[in-house]
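Participant: Sharing a structure here in structure tokens format.
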Amino acid sequence: MLWQLVKKWHESFPGRVSARKLRKALRSCNINTEETHMPKNHKKVLTEMTDYLVQNMVDIKTIMSQLISQDVLSDVTKAYVSAPTTRDQRIMRLLEVLSTKEHGLYMIVDVFKKTGNQFLADELMAKGHIRQIGRKLDLDNHHLDEVDGYFESGIPEMFWQLVKRWHAKYPNRVSARRLRTALQSCSIDTEETHMPKKHKDALHKMTQFLVDNIMDINIMMPLLISGNILSDVTVAYVSAPSTLNQKIMRLLEVLSTKEHGLYMICDIFKKTGQGFIADRMIGIFIF
């Protein structure tokens, strides 16, 4: 009956149908709509991501089923979201309903993960955290607005622009430790582990040799990324300096937070035609 009611309403007044009008009608009949308030920054993320979600949310039926099973959608809101004939309109209505939920952003992220849409979950969470990370790094709103302007270029580019501005504003305060602290304070798992002391000592002894002998860090970057040694954030951090020496120093700094960082970098050296560096590192480690 609810479905038919909303369907008739949609057919009779297609230009007047909205979640707000529906909630108002329900409340006037003393029906609890369980409406809460989504934080403003979450709502902004959802708004800015709308076009992207419309383009990439392929199977809305599966997503809807999951939302219903988790009581995110009621019978009324299910009918409201399902009423339009086009997929795009349904997605728009779904996002409209989610924006009335305090934890709507996290709800849809969780559902994306459970329905094989991990990439959508990652994009939403990354976008949601970028401004928060920027604030933890003491960047001003105008810096964050500039970073937002790179959204169409993708999340990795946004992280790069964020770190670039942080580096420019606080050149003497930039460190992997500060970056990790900012990420962790935003509840982002940095996958930080502890490199054994003997490995760290070997890396320290090799620092000058590495600075003198690594000719092109750029050829190493794809393997560092594909091997999950560097994330979008740490790629941006390592790449930000203008000189090769500084980039190498930052790479070593990041590697020192990885339990198997020494073996990881040796493997990369071998794969990029720099086996002599790997041999020297292993030799120092052994002896």
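We label chains A, B, ... in the order they appear in the structure tokens, count residues from 1 in each chain, and number ligands from 1 in the order shown.
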Which neighbours of His194 in chain A fall inside 9 Å, counting only C-alpha atoms, when residues of the same chain fewer than 5 positions from it are skipped, and could you give them as a VMD selection string?
Facilitator: chain A and resid 256 to 260
Participant: Identify, with DSSP run on backbone atoms, the residues in range 106-242 of chain A assigned to helix (DSSP H, G or I), and express the list as a ChimeraX atom specification.
Facilitator: /A:106-114,118-136,141-148,151-153,155-169,176-185,197-205,207-213,217-219,221-226,232-239
Participant: Using only C-alpha atoms, which protein or nucleic acid residues come within 12 Å of Gln70 in chain A? Drop anything in the same chain fewer than 2 positions from it, and give the result as a ChimeraX atom specification.
Facilitator: /A:63-68,72-74,107-108,110-111,114
Participant: Would you tabulate, counting only C-alpha atoms, all residues of range 235-277 of chain A that have an atom at most 10 Å from an atom of range 158-172 of chain A, showing the closest pair of atoms and their distance in Å to one decimal, sorted by chain then ascending number, as JSON lines?
Facilitator:
{"residue": "A:Val235", "atom": "CA", "partner": "A:Trp160", "partner_atom": "CA", "distance": 7.6}
{"residue": "A:Ala236", "atom": "CA", "partner": "A:Trp160", "partner_atom": "CA", "distance": 4.3}
{"residue": "A:Tyr237", "atom": "CA", "partner": "A:Val163", "partner_atom": "CA", "distance": 6.0}
{"residue": "A:Val238", "atom": "CA", "partner": "A:Val163", "partner_atom": "CA", "distance": 9.4}
{"residue": "A:Ser239", "atom": "CA", "partner": "A:Trp160", "partner_atom": "CA", "distance": 8.1}
{"residue": "A:Ala240", "atom": "CA", "partner": "A:Lys164", "partner_atom": "CA", "distance": 5.5}
{"residue": "A:Pro241", "atom": "CA", "partner": "A:His167", "partner_atom": "CA", "distance": 7.8}
Participant: Could you jot down the CA of Leu210 in chain A to CA of Ser231 in chain A separation for me, Å, one decimal place?
Facilitator: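 One can read the CA of Leu210 in chain A to CA of Ser231 in chain A distance as 21.8 Å.
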Participant: Can you check which parts of range 93-209 of chain A lie within 8 Å of range 40-46 of chain A? Per residue, the shortest pair of atoms and distance in Å to one decimal, counting only C-alpha atoms, sorted by chain and number, as CSV.
Facilitator:
residue,atom,partner,partner_atom,distance
A:Leu95,CA,A:Leu46,CA,7.4
A:Ser99,CA,A:Lys43,CA,6.2
A:Leu105,CA,A:His42,CA,6.4
A:Leu124,CA,A:Val45,CA,7.4
A:Lys127,CA,A:Val45,CA,6.6
A:Gly128,CA,A:Val45,CA,5.8
Participant: CA of Phe119 in chain A and CA of Tyr106 in chain A are how many Å apart?
Facilitator: 14.4 Å
Participant: Need to verify the contact set: Leu230 in chain A, 12 Å, only C-alpha atoms, exclusion of same-chain residues closer than 3 positions in sequence. Can you return it as number ranges by chain?
Facilitator: A: 156, 176, 190-192, 220-227, 233-239, 250-255, 257-258, 261, 264-265
Participant: Ranking A:Gln184, A:Thr272, A:Asn228, A:Ser69 by minimum distance to Asp216 in chain A and counting only C-alpha atoms, which one comes first?
Facilitator: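 Comparing A:Gln184, A:Thr272, A:Asn228, A:Ser69 against Asp216 in chain A, the winner is A:Thr272.
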Participant: By how many Å are CA of Thr77 in chain A and CA of Thr50 in chain A apart?
Facilitator: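 Going from CA of Thr77 in chain A over to CA of Thr50 in chain A, I get 18.8 Å.
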Participant: Calculated over only C-alpha atoms, which of the candidates A:Ile248, A:Val211, A:Ile229, A:Ser82 has the smallest distance to Ile268 in chain A?
Facilitator: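 Closest to Ile268 in chain A of all the choices is A:Ile229.
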Participant: Out of A:Gln274, A:Asn141, A:Asn56, A:Asn218, which residue has the shortest atom-to-atom distance to Asn117 in chain A when counting only C-alpha atoms?
Facilitator: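 Of all the options, A:Asn56 lies closest to Asn117 in chain A.
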Participant: Between A:Leu120, A:Ile214, A:Leu144, A:Leu203, which is the closest to Lys247 in chain A once you count only C-alpha atoms?
Facilitator: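 Closest to Lys247 in chain A, using only C-alpha atoms: A:Ile214.
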